[in-house]
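Student: File target.csv follows (CSV, C-alpha atoms):
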```
chain,number,residue,atom,x,y,z
A,1,MET,CA,-5.1,-58.6,93.4
A,2,GLU,CA,-6.2,-57.9,89.8
A,3,LYS,CA,-8.2,-54.9,90.9
A,4,SER,CA,-5.3,-53.6,92.9
A,5,GLU,CA,-3.0,-54.0,89.9
A,6,ALA,CA,-5.5,-52.2,87.7
A,7,THR,CA,-5.7,-49.3,90.1
A,8,THR,CA,-1.9,-49.2,90.2
A,9,ILE,CA,-1.8,-49.1,86.4
A,10,ASP,CA,-4.4,-46.3,86.3
A,11,VAL,CA,-2.5,-44.2,88.7
A,12,ALA,CA,0.7,-44.7,86.8
A,13,GLU,CA,-1.0,-43.7,83.6
A,14,THR,CA,-2.6,-40.6,85.0
A,15,SER,CA,0.8,-39.6,86.4
A,16,ARG,CA,2.5,-40.3,83.1
A,17,GLU,CA,-0.2,-38.3,81.3
A,18,SER,CA,0.2,-35.3,83.6
A,19,LYS,CA,3.9,-35.5,83.2
A,20,GLY,CA,3.5,-35.4,79.4
A,21,LYS,CA,1.3,-32.4,79.5
A,22,ALA,CA,2.9,-30.4,82.2
A,23,PRO,CA,5.6,-28.5,80.3
A,24,LEU,CA,2.9,-27.2,77.9
A,25,LEU,CA,0.0,-26.4,80.2
A,26,ARG,CA,0.4,-26.4,84.0
A,27,ASP,CA,3.8,-27.1,85.4
A,28,PRO,CA,6.3,-24.6,83.9
A,29,PRO,CA,9.9,-25.7,83.4
A,30,ALA,CA,12.6,-24.4,85.8
A,31,TRP,CA,13.5,-21.3,83.7
A,32,VAL,CA,10.0,-19.9,83.8
A,33,PRO,CA,9.6,-18.7,87.4
A,34,ALA,CA,12.7,-16.5,87.4
A,35,ALA,CA,11.7,-14.9,84.1
A,36,VAL,CA,8.1,-14.4,85.2
A,37,GLU,CA,9.2,-13.0,88.5
A,38,ARG,CA,11.5,-10.6,86.7
A,39,GLN,CA,8.7,-9.6,84.4
A,40,ARG,CA,6.5,-9.0,87.5
A,41,ALA,CA,9.1,-7.1,89.5
A,42,ALA,CA,10.2,-4.8,86.6
A,43,PRO,CA,6.8,-3.2,85.9
A,44,ALA,CA,6.3,-2.4,89.7
A,45,TYR,CA,9.6,-0.6,89.7
A,46,LYS,CA,9.1,1.0,86.3
A,47,ARG,CA,5.5,2.0,87.3
A,48,GLY,CA,7.0,3.8,90.3
A,49,VAL,CA,9.5,5.5,88.1
A,50,ALA,CA,6.7,6.5,85.7
A,51,ILE,CA,4.6,8.0,88.4
A,52,PHE,CA,7.6,10.0,89.7
A,53,ASP,CA,8.3,11.0,86.1
A,54,LEU,CA,4.8,12.5,85.9
A,55,ILE,CA,5.1,14.4,89.2
A,56,LEU,CA,8.5,15.8,88.1
A,57,ARG,CA,7.1,16.7,84.7
A,58,ILE,CA,4.2,18.7,86.2
A,59,SER,CA,6.6,20.4,88.6
A,60,ALA,CA,8.9,21.3,85.8
A,61,ALA,CA,6.0,22.6,83.7
A,62,THR,CA,4.9,24.8,86.7
A,63,ALA,CA,8.4,26.2,87.1
A,64,ALA,CA,8.7,26.9,83.4
A,65,LEU,CA,5.2,28.5,83.3
A,66,ALA,CA,6.1,30.7,86.3
A,67,ALA,CA,9.4,31.8,84.6
A,68,THR,CA,7.5,32.6,81.3
A,69,ILE,CA,4.8,34.6,83.0
A,70,THR,CA,7.2,36.4,85.3
A,71,MET,CA,9.4,37.5,82.5
A,72,GLY,CA,6.6,38.1,80.0
A,73,THR,CA,4.8,40.5,82.3
A,74,THR,CA,7.9,42.4,83.4
A,75,GLU,CA,7.5,46.1,82.7
A,76,GLN,CA,8.6,49.1,84.7
A,77,THR,CA,8.0,52.7,84.1
A,78,LEU,CA,9.8,55.1,86.3
A,79,PRO,CA,7.6,58.0,87.6
A,80,PHE,CA,9.9,60.7,86.2
A,81,PHE,CA,11.7,61.3,82.9
A,82,THR,CA,14.4,63.5,81.5
A,83,GLN,CA,15.5,64.5,78.0
A,84,PHE,CA,17.9,61.6,77.5
A,85,PHE,CA,16.3,58.5,79.0
A,86,GLN,CA,12.8,57.3,78.5
A,87,PHE,CA,12.9,55.5,81.9
A,88,GLN,CA,10.7,52.6,80.8
A,89,ALA,CA,11.9,49.0,80.8
A,90,SER,CA,10.1,46.0,79.4
A,91,TYR,CA,11.3,42.5,78.7
A,92,ASP,CA,11.3,43.1,74.9
A,93,ASP,CA,13.8,45.9,75.2
A,94,LEU,CA,16.4,43.2,75.4
A,95,PRO,CA,16.4,40.5,72.6
A,96,THR,CA,17.8,37.9,75.1
A,97,PHE,CA,14.7,38.3,77.3
A,98,THR,CA,12.5,38.0,74.2
A,99,PHE,CA,14.3,34.7,73.4
A,100,PHE,CA,13.8,33.7,77.0
A,101,VAL,CA,10.0,34.2,76.8
A,102,ILE,CA,9.8,32.3,73.5
A,103,ALA,CA,12.0,29.4,74.6
A,104,MET,CA,10.3,29.0,78.0
A,105,SER,CA,6.9,29.1,76.3
A,106,ILE,CA,8.0,26.3,74.0
A,107,VAL,CA,9.4,24.3,77.0
A,108,THR,CA,6.2,24.8,79.0
A,109,GLY,CA,4.0,23.8,76.0
A,110,TYR,CA,6.2,20.7,75.4
A,111,LEU,CA,6.0,19.7,79.1
A,112,VAL,CA,2.2,20.0,79.2
A,113,LEU,CA,1.8,18.1,75.9
A,114,SER,CA,4.2,15.3,77.1
A,115,VAL,CA,2.0,14.6,80.2
A,116,PRO,CA,-0.2,12.1,78.1
A,117,PHE,CA,3.0,10.2,77.1
A,118,SER,CA,4.0,10.1,80.7
A,119,ILE,CA,0.6,8.6,81.6
A,120,VAL,CA,1.1,6.0,78.8
A,121,CYS,CA,4.4,5.1,80.6
A,122,ILE,CA,2.4,4.6,83.8
A,123,ALA,CA,-0.2,2.4,82.1
A,124,ARG,CA,2.5,0.4,80.1
A,125,PRO,CA,5.6,0.5,82.3
A,126,VAL,CA,7.6,-1.9,80.2
A,127,ALA,CA,7.0,-0.2,76.8
A,128,ALA,CA,10.4,1.3,75.7
A,129,ALA,CA,9.2,3.3,72.7
A,130,PRO,CA,7.3,6.1,74.5
A,131,ARG,CA,10.0,6.4,77.1
A,132,LEU,CA,12.8,6.7,74.5
A,133,LEU,CA,10.7,9.4,72.7
A,134,LEU,CA,10.4,11.2,76.0
A,135,ILE,CA,14.2,11.0,76.6
A,136,LEU,CA,14.9,12.5,73.2
A,137,CYS,CA,12.4,15.4,73.6
A,138,ASP,CA,13.4,16.0,77.2
A,139,THR,CA,17.0,16.3,76.2
A,140,LEU,CA,16.1,18.9,73.6
A,141,ALA,CA,13.9,20.7,76.1
A,142,VAL,CA,16.7,20.8,78.7
A,143,THR,CA,19.0,22.3,76.1
A,144,LEU,CA,16.6,24.9,75.0
A,145,ASN,CA,15.7,25.7,78.6
A,146,THR,CA,19.4,25.9,79.7
A,147,SER,CA,20.4,28.1,76.8
A,148,ALA,CA,17.5,30.6,77.6
A,149,ALA,CA,18.4,30.5,81.3
A,150,GLY,CA,22.1,30.9,80.8
A,151,ALA,CA,21.7,33.7,78.3
A,152,SER,CA,19.3,35.6,80.5
A,153,ALA,CA,21.5,35.0,83.5
A,154,ALA,CA,24.4,36.7,81.6
A,155,ILE,CA,22.3,39.7,80.8
A,156,VAL,CA,20.8,39.9,84.3
A,157,TYR,CA,24.4,39.9,85.7
A,158,LEU,CA,25.3,42.6,83.3
A,159,ALA,CA,22.2,44.6,84.3
A,160,HIS,CA,23.2,44.3,87.9
A,161,ASN,CA,26.9,44.9,87.7
A,162,GLY,CA,27.6,46.5,84.3
A,163,ASN,CA,31.0,46.2,82.7
A,164,SER,CA,33.5,48.9,82.9
A,165,ASP,CA,35.8,47.5,80.2
A,166,ALA,CA,33.1,47.5,77.6
A,167,ASN,CA,31.7,50.7,79.1
A,168,TRP,CA,28.3,49.1,79.8
A,169,LEU,CA,26.6,50.7,82.8
A,170,ALA,CA,24.5,48.8,85.3
A,171,ILE,CA,20.8,49.6,84.8
A,172,CYS,CA,19.6,48.1,88.0
A,173,GLN,CA,20.0,51.2,90.0
A,174,GLN,CA,17.3,52.8,87.9
A,175,PHE,CA,15.2,49.8,87.2
A,176,ASN,CA,15.3,47.9,90.4
A,177,ASP,CA,11.9,46.3,90.2
A,178,PHE,CA,12.6,45.2,86.6
A,179,CYS,CA,15.8,43.6,87.7
A,180,GLN,CA,14.2,41.8,90.6
A,181,ARG,CA,11.6,40.3,88.4
A,182,THR,CA,13.9,39.2,85.6
A,183,SER,CA,16.2,37.6,88.2
A,184,GLY,CA,13.3,35.7,89.7
A,185,ALA,CA,12.3,34.4,86.2
A,186,VAL,CA,15.9,33.2,85.6
A,187,VAL,CA,15.9,31.4,89.0
A,188,ALA,CA,12.6,29.7,88.1
A,189,SER,CA,14.0,28.6,84.7
A,190,PHE,CA,17.1,27.1,86.5
A,191,VAL,CA,14.7,25.2,88.7
A,192,ALA,CA,13.0,23.9,85.6
A,193,VAL,CA,16.4,22.9,84.2
A,194,VAL,CA,17.3,20.9,87.4
A,195,LEU,CA,13.9,19.1,87.3
A,196,LEU,CA,14.4,18.3,83.6
A,197,ILE,CA,17.8,16.8,84.3
A,198,PHE,CA,16.2,14.5,86.9
A,199,LEU,CA,13.6,13.6,84.3
A,200,VAL,CA,16.2,12.5,81.7
A,201,VAL,CA,18.3,10.5,84.2
A,202,LEU,CA,15.2,8.9,85.7
A,203,SER,CA,13.8,7.9,82.3
A,204,ALA,CA,17.2,6.5,81.3
A,205,SER,CA,17.4,4.4,84.5
A,206,ALA,CA,13.9,3.0,83.8
A,207,LEU,CA,15.0,1.9,80.3
A,208,LYS,CA,17.7,-0.2,81.8
A,209,LYS,CA,17.2,-4.0,81.9
A,210,HIS,CA,16.8,-5.8,85.2
B,1,MET,CA,23.8,-61.6,61.5
B,2,GLU,CA,24.6,-61.6,65.2
B,3,LYS,CA,27.1,-58.8,64.7
B,4,SER,CA,24.7,-56.8,62.7
B,5,GLU,CA,22.0,-57.1,65.4
B,6,ALA,CA,24.5,-56.1,68.0
B,7,THR,CA,25.4,-53.1,65.9
B,8,THR,CA,21.7,-52.2,65.6
B,9,ILE,CA,21.2,-52.4,69.3
B,10,ASP,CA,24.3,-50.3,69.8
B,11,VAL,CA,23.0,-47.6,67.5
B,12,ALA,CA,19.6,-47.6,69.1
B,13,GLU,CA,21.1,-47.3,72.5
B,14,THR,CA,23.3,-44.5,71.6
B,15,SER,CA,20.4,-42.7,70.0
B,16,ARG,CA,18.3,-43.2,73.1
B,17,GLU,CA,21.1,-42.0,75.3
B,18,SER,CA,21.6,-38.9,73.3
B,19,LYS,CA,17.9,-38.3,73.4
B,20,GLY,CA,17.9,-38.6,77.1
B,21,LYS,CA,20.8,-36.2,77.6
B,22,ALA,CA,20.0,-33.8,75.0
B,23,PRO,CA,17.8,-31.3,76.9
B,24,LEU,CA,20.5,-30.9,79.5
B,25,LEU,CA,23.7,-30.8,77.5
B,26,ARG,CA,23.6,-30.4,73.8
B,27,ASP,CA,20.2,-30.0,72.2
B,28,PRO,CA,18.5,-26.9,73.8
B,29,PRO,CA,14.7,-26.8,74.2
B,30,ALA,CA,12.6,-24.7,71.9
B,31,TRP,CA,12.8,-21.5,74.0
B,32,VAL,CA,16.6,-21.3,74.1
B,33,PRO,CA,17.5,-20.4,70.5
B,34,ALA,CA,15.4,-17.2,70.5
B,35,ALA,CA,16.9,-16.1,73.8
B,36,VAL,CA,20.4,-17.0,72.7
B,37,GLU,CA,19.9,-15.3,69.4
B,38,ARG,CA,18.6,-12.2,71.1
B,39,GLN,CA,21.6,-12.3,73.5
B,40,ARG,CA,23.9,-12.6,70.5
B,41,ALA,CA,22.2,-9.9,68.5
B,42,ALA,CA,22.0,-7.4,71.3
B,43,PRO,CA,25.8,-7.1,71.9
B,44,ALA,CA,26.4,-6.7,68.2
B,45,TYR,CA,24.0,-3.8,68.0
B,46,LYS,CA,25.1,-2.4,71.4
B,47,ARG,CA,28.8,-2.7,70.5
B,48,GLY,CA,28.1,-0.7,67.3
B,49,VAL,CA,26.4,2.0,69.4
B,50,ALA,CA,29.3,2.0,71.9
B,51,ILE,CA,31.9,2.5,69.1
B,52,PHE,CA,29.8,5.3,67.6
B,53,ASP,CA,29.6,6.7,71.2
B,54,LEU,CA,33.4,6.8,71.4
B,55,ILE,CA,33.7,8.5,68.0
B,56,LEU,CA,31.1,11.1,69.0
B,57,ARG,CA,32.8,11.6,72.4
B,58,ILE,CA,36.2,12.3,70.8
B,59,SER,CA,34.6,14.7,68.3
B,60,ALA,CA,32.7,16.5,71.1
B,61,ALA,CA,36.0,16.7,73.2
B,62,THR,CA,37.8,18.2,70.1
B,63,ALA,CA,35.0,20.8,69.6
B,64,ALA,CA,35.0,21.7,73.3
B,65,LEU,CA,38.8,22.0,73.4
B,66,ALA,CA,38.7,24.2,70.3
B,67,ALA,CA,36.1,26.4,71.9
B,68,THR,CA,38.2,26.7,75.2
B,69,ILE,CA,41.4,27.5,73.4
B,70,THR,CA,39.9,30.0,71.0
B,71,MET,CA,38.2,31.8,73.8
B,72,GLY,CA,41.1,31.5,76.2
B,73,THR,CA,43.6,33.0,73.9
B,74,THR,CA,41.5,35.8,72.7
B,75,GLU,CA,43.1,39.1,73.2
B,76,GLN,CA,43.3,42.3,71.1
B,77,THR,CA,45.1,45.5,71.6
B,78,LEU,CA,44.3,48.3,69.3
B,79,PRO,CA,47.4,50.1,67.9
B,80,PHE,CA,46.3,53.5,69.2
B,81,PHE,CA,44.9,54.9,72.4
B,82,THR,CA,43.2,58.0,73.8
B,83,GLN,CA,42.6,59.4,77.2
B,84,PHE,CA,39.2,57.6,77.7
B,85,PHE,CA,39.7,54.1,76.4
B,86,GLN,CA,42.5,51.7,76.9
B,87,PHE,CA,41.6,49.9,73.6
B,88,GLN,CA,42.6,46.5,74.9
B,89,ALA,CA,40.2,43.6,75.0
B,90,SER,CA,40.7,40.2,76.5
B,91,TYR,CA,38.3,37.4,77.4
B,92,ASP,CA,38.6,38.0,81.1
B,93,ASP,CA,37.3,41.5,80.8
B,94,LEU,CA,33.8,40.0,80.6
B,95,PRO,CA,32.9,37.6,83.5
B,96,THR,CA,30.7,35.6,81.1
B,97,PHE,CA,33.6,34.7,78.9
B,98,THR,CA,35.6,33.7,82.0
B,99,PHE,CA,32.7,31.4,82.9
B,100,PHE,CA,32.8,30.1,79.3
B,101,VAL,CA,36.5,29.2,79.5
B,102,ILE,CA,36.0,27.5,83.0
B,103,ALA,CA,32.9,25.6,81.9
B,104,MET,CA,34.3,24.5,78.6
B,105,SER,CA,37.6,23.4,80.3
B,106,ILE,CA,35.5,21.2,82.7
B,107,VAL,CA,33.5,19.8,79.8
B,108,THR,CA,36.6,19.0,77.8
B,109,GLY,CA,38.2,17.4,80.8
B,110,TYR,CA,35.2,15.3,81.5
B,111,LEU,CA,34.9,14.2,77.9
B,112,VAL,CA,38.6,13.1,77.8
B,113,LEU,CA,38.2,11.3,81.2
B,114,SER,CA,35.0,9.6,80.0
B,115,VAL,CA,36.8,7.9,77.1
B,116,PRO,CA,37.9,4.9,79.2
B,117,PHE,CA,34.3,4.4,80.3
B,118,SER,CA,33.2,4.5,76.7
B,119,ILE,CA,35.9,1.8,75.9
B,120,VAL,CA,34.5,-0.3,78.8
B,121,CYS,CA,31.1,0.0,77.0
B,122,ILE,CA,32.7,-1.4,73.8
B,123,ALA,CA,34.3,-4.3,75.7
B,124,ARG,CA,31.1,-5.1,77.6
B,125,PRO,CA,28.3,-4.0,75.4
B,126,VAL,CA,25.5,-5.4,77.7
B,127,ALA,CA,26.7,-3.8,80.9
B,128,ALA,CA,24.2,-1.2,82.0
B,129,ALA,CA,26.0,0.4,84.9
B,130,PRO,CA,28.8,2.3,83.0
B,131,ARG,CA,26.3,3.4,80.4
B,132,LEU,CA,23.9,4.8,83.0
B,133,LEU,CA,26.8,6.6,84.6
B,134,LEU,CA,27.7,8.1,81.2
B,135,ILE,CA,24.2,9.2,80.6
B,136,LEU,CA,24.0,10.9,84.0
B,137,CYS,CA,27.4,12.7,83.5
B,138,ASP,CA,26.7,13.5,79.9
B,139,THR,CA,23.4,15.2,80.8
B,140,LEU,CA,25.2,17.3,83.4
B,141,ALA,CA,27.9,18.1,80.8
B,142,VAL,CA,25.3,19.1,78.2
B,143,THR,CA,23.7,21.5,80.7
B,144,LEU,CA,27.0,23.1,81.7
B,145,ASN,CA,28.1,23.4,78.0
B,146,THR,CA,24.7,24.8,77.0
B,147,SER,CA,24.6,27.4,79.7
B,148,ALA,CA,28.1,28.6,78.8
B,149,ALA,CA,27.3,28.7,75.1
B,150,GLY,CA,24.0,30.5,75.7
B,151,ALA,CA,25.4,33.0,78.1
B,152,SER,CA,28.4,33.8,75.8
B,153,ALA,CA,26.1,34.0,72.8
B,154,ALA,CA,24.0,36.6,74.6
B,155,ILE,CA,27.1,38.7,75.3
B,156,VAL,CA,28.5,38.2,71.8
B,157,TYR,CA,25.2,39.4,70.4
B,158,LEU,CA,25.3,42.4,72.7
B,159,ALA,CA,28.9,43.1,71.6
B,160,HIS,CA,27.9,43.0,68.0
B,161,ASN,CA,24.7,44.9,68.2
B,162,GLY,CA,24.6,46.8,71.4
B,163,ASN,CA,21.4,47.8,73.1
B,164,SER,CA,20.0,51.3,72.7
B,165,ASP,CA,17.4,50.9,75.4
B,166,ALA,CA,20.0,50.0,78.1
B,167,ASN,CA,22.4,52.4,76.5
B,168,TRP,CA,25.0,49.7,75.9
B,169,LEU,CA,27.1,50.4,72.9
B,170,ALA,CA,28.3,47.8,70.4
B,171,ILE,CA,32.1,47.2,71.0
B,172,CYS,CA,32.7,45.2,67.8
B,173,GLN,CA,33.4,48.3,65.7
B,174,GLN,CA,36.5,48.8,67.7
B,175,PHE,CA,37.4,45.2,68.6
B,176,ASN,CA,36.5,43.4,65.4
B,177,ASP,CA,39.1,40.6,65.8
B,178,PHE,CA,38.1,40.0,69.4
B,179,CYS,CA,34.5,39.7,68.4
B,180,GLN,CA,35.3,37.3,65.5
B,181,ARG,CA,37.2,35.0,67.8
B,182,THR,CA,34.6,34.9,70.6
B,183,SER,CA,31.9,34.2,68.0
B,184,GLY,CA,34.0,31.3,66.7
B,185,ALA,CA,34.4,29.9,70.2
B,186,VAL,CA,30.6,30.2,70.8
B,187,VAL,CA,29.9,28.3,67.5
B,188,ALA,CA,32.4,25.6,68.5
B,189,SER,CA,30.7,25.2,71.8
B,190,PHE,CA,27.3,24.8,70.2
B,191,VAL,CA,28.8,22.1,68.0
B,192,ALA,CA,29.9,20.4,71.2
B,193,VAL,CA,26.3,20.8,72.6
B,194,VAL,CA,24.8,19.1,69.5
B,195,LEU,CA,27.3,16.2,69.7
B,196,LEU,CA,26.6,15.8,73.4
B,197,ILE,CA,22.8,15.6,72.8
B,198,PHE,CA,23.4,12.8,70.2
B,199,LEU,CA,25.6,11.1,72.9
B,200,VAL,CA,22.8,11.2,75.5
B,201,VAL,CA,20.1,9.9,73.1
B,202,LEU,CA,22.4,7.2,71.7
B,203,SER,CA,23.3,5.9,75.1
B,204,ALA,CA,19.6,5.9,76.1
B,205,SER,CA,18.7,3.9,73.0
B,206,ALA,CA,21.4,1.4,73.8
B,207,LEU,CA,20.0,0.9,77.3
B,208,LYS,CA,16.7,-0.1,75.9
B,209,LYS,CA,15.8,-3.8,75.9
B,210,HIS,CA,15.6,-5.8,72.7
```
Any chance you could give the structure as structure tokens?
Tutor:
Amino acid sequence: MEKSEATTIDVAETSRESKGKAPLLRDPPAWVPAAVERQRAAPAYKRGVAIFDLILRISAATAALAATITMGTTEQTLPFFTQFFQFQASYDDLPTFTFFVIAMSIVTGYLVLSVPFSIVCIARPVAAAPRLLLILCDTLAVTLNTSAAGASAAIVYLAHNGNSDANWLAICQQFNDFCQRTSGAVVASFVAVVLLIFLVVLSASALKKH
Amino acid sequence: MEKSEATTIDVAETSRESKGKAPLLRDPPAWVPAAVERQRAAPAYKRGVAIFDLILRISAATAALAATITMGTTEQTLPFFTQFFQFQASYDDLPTFTFFVIAMSIVTGYLVLSVPFSIVCIARPVAAAPRLLLILCDTLAVTLNTSAAGASAAIVYLAHNGNSDANWLAICQQFNDFCQRTSGAVVASFVAVVLLIFLVVLSASALKKH
């Protein structure tokens, strides 16, 4: 009887001791599981977003590089000449195309240099600072890219159709190959714009709380 | 003496009772104050951002409206005419300027219609859904705005300087007033672009966790 009571007391004490220590060491209070679960679910989602961000970034860099190279190597010399025309067209004959090449080079360079930051976002999915930096720079890149694409599209349109009111003649009848290539470069730069818009929206949705 | 002891017991019981109830009702555990404080600090910061967002939005709408009206009412008829030129210039002579007017009207309309959403963000500073919607639409608006501004800038540059390689003559010698007004509209649209970039970055920083 005495032994039994001692045992009972021992058990009770152990139980009381474990109850005393639990909130600090082993048994978390009721609010912890939800928070921990949220913490665990958020990185999985955010890591997925970060990986998609990296893929989009590399695609956008490829499109921007293609646009730069296509425009930068555009040159056409017609196999005949007259007294009035030199019949040779290159991208730097038009200041807008020069701006296009410079702007798209900057965008390509930025996108390549931003890949390490994107990888940091994969490694640390919850970190907000690198992602916010990426959103800021991506927004600037999308603006630069769009202005180059829009300006070149206006000039390409003019080269294709001319303008009778301003007395500007279409030059694409003569420089067909030149016009084809510059149009291709403009299309590639618009692809880069669309990819960059996705990048900004995706990064912003990853910043959101869960 | 008996009364005094009764009082003491009463006090002790009250104190024990309050100790027993405290973690549930009044006295929060150690982890609560930080969370509550964070919850309270976040809306204050986010509300400030939302108010700044509204101000920026109204400024951008004003700039976009100014650009639309300036470009849309641009017309110049020279007081003399010859057999070859009609000497009359309007924004719809150039398709790019027509695109500019349409795009800037859309941007202005969007910015005006987004004001209620911005007010919702002031009323509910922590809500992420309206803010994410605003970021998405703002990014699209900044792209539309930039493409219109860039394209028109290219044409305005051409109108000012012409291009000898493409044999396009500068038309600003004749249509000086027309060129001045279109240049002003392009500048106003670039102001709207800068304000929209701030809007996107500001909204993104408000989505960030604290």
Student: Residues of chain B were defined as contacting chain A if any atom lay at most 6 Å from it, counting all atoms listed in the file; please report them as a ChimeraX atom specification.
Tutor: /B:136,146-147,150-151,154,168,201,204,207-208
Student: Please indicate the distance in Å from atom CA of Ile102 of chain B to atom CA of Phe190 of chain B, rounded to one decimal place.
Tutor: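 Separating atom CA of Ile102 of chain B from atom CA of Phe190 of chain B is a distance of 15.7 Å.
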Student: If we count all atoms listed in the file and set the cut-off at 6 Å, which residues sit around segment 65-76 of chain A, ignoring sequence neighbours fewer than 5 positions away in its own chain? Please answer as an MDAnalysis selection string.
Tutor: chainID A and resid 88:91 101 104 108 178 182 185 188:189
Student: Give me a file of those residues, with C-alpha atoms, as a tab-separated table (two decimals), in the coordinates of the input.
Tutor:
```
chain	number	residue	atom	x	y	z
A	88	GLN	CA	10.70	52.60	80.80
A	89	ALA	CA	11.90	49.00	80.80
A	90	SER	CA	10.10	46.00	79.40
A	91	TYR	CA	11.30	42.50	78.70
A	101	VAL	CA	10.00	34.20	76.80
A	104	MET	CA	10.30	29.00	78.00
A	108	THR	CA	6.20	24.80	79.00
A	178	PHE	CA	12.60	45.20	86.60
A	182	THR	CA	13.90	39.20	85.60
A	185	ALA	CA	12.30	34.40	86.20
A	188	ALA	CA	12.60	29.70	88.10
A	189	SER	CA	14.00	28.60	84.70
```
Student: Can you tell me how far atom CA of Leu199 of chain A sits from atom CA of Ile122 of chain B, in Å to one decimal?
Tutor: 26.5 Å
Student: If I take atom CA of Gly48 of chain A and atom CA of Pro125 of chain A, how far is one from the other in Å, to one decimal?
Tutor: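 Rounded to one decimal, the two atoms are 8.8 Å apart.
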Student: From the list A:Phe175, A:Leu195, A:Arg181, A:Phe100, which residue is nearest Leu54 of chain A when using all atoms listed in the file?
Tutor: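 Among the listed residues, A:Leu195 lies closest to Leu54 of chain A.
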Student: Which one is closest to Pro130 of chain A: A:Ala44, A:Ala64, A:Ala103, A:Val115? Count all atoms listed in the file.
Tutor: A:Val115
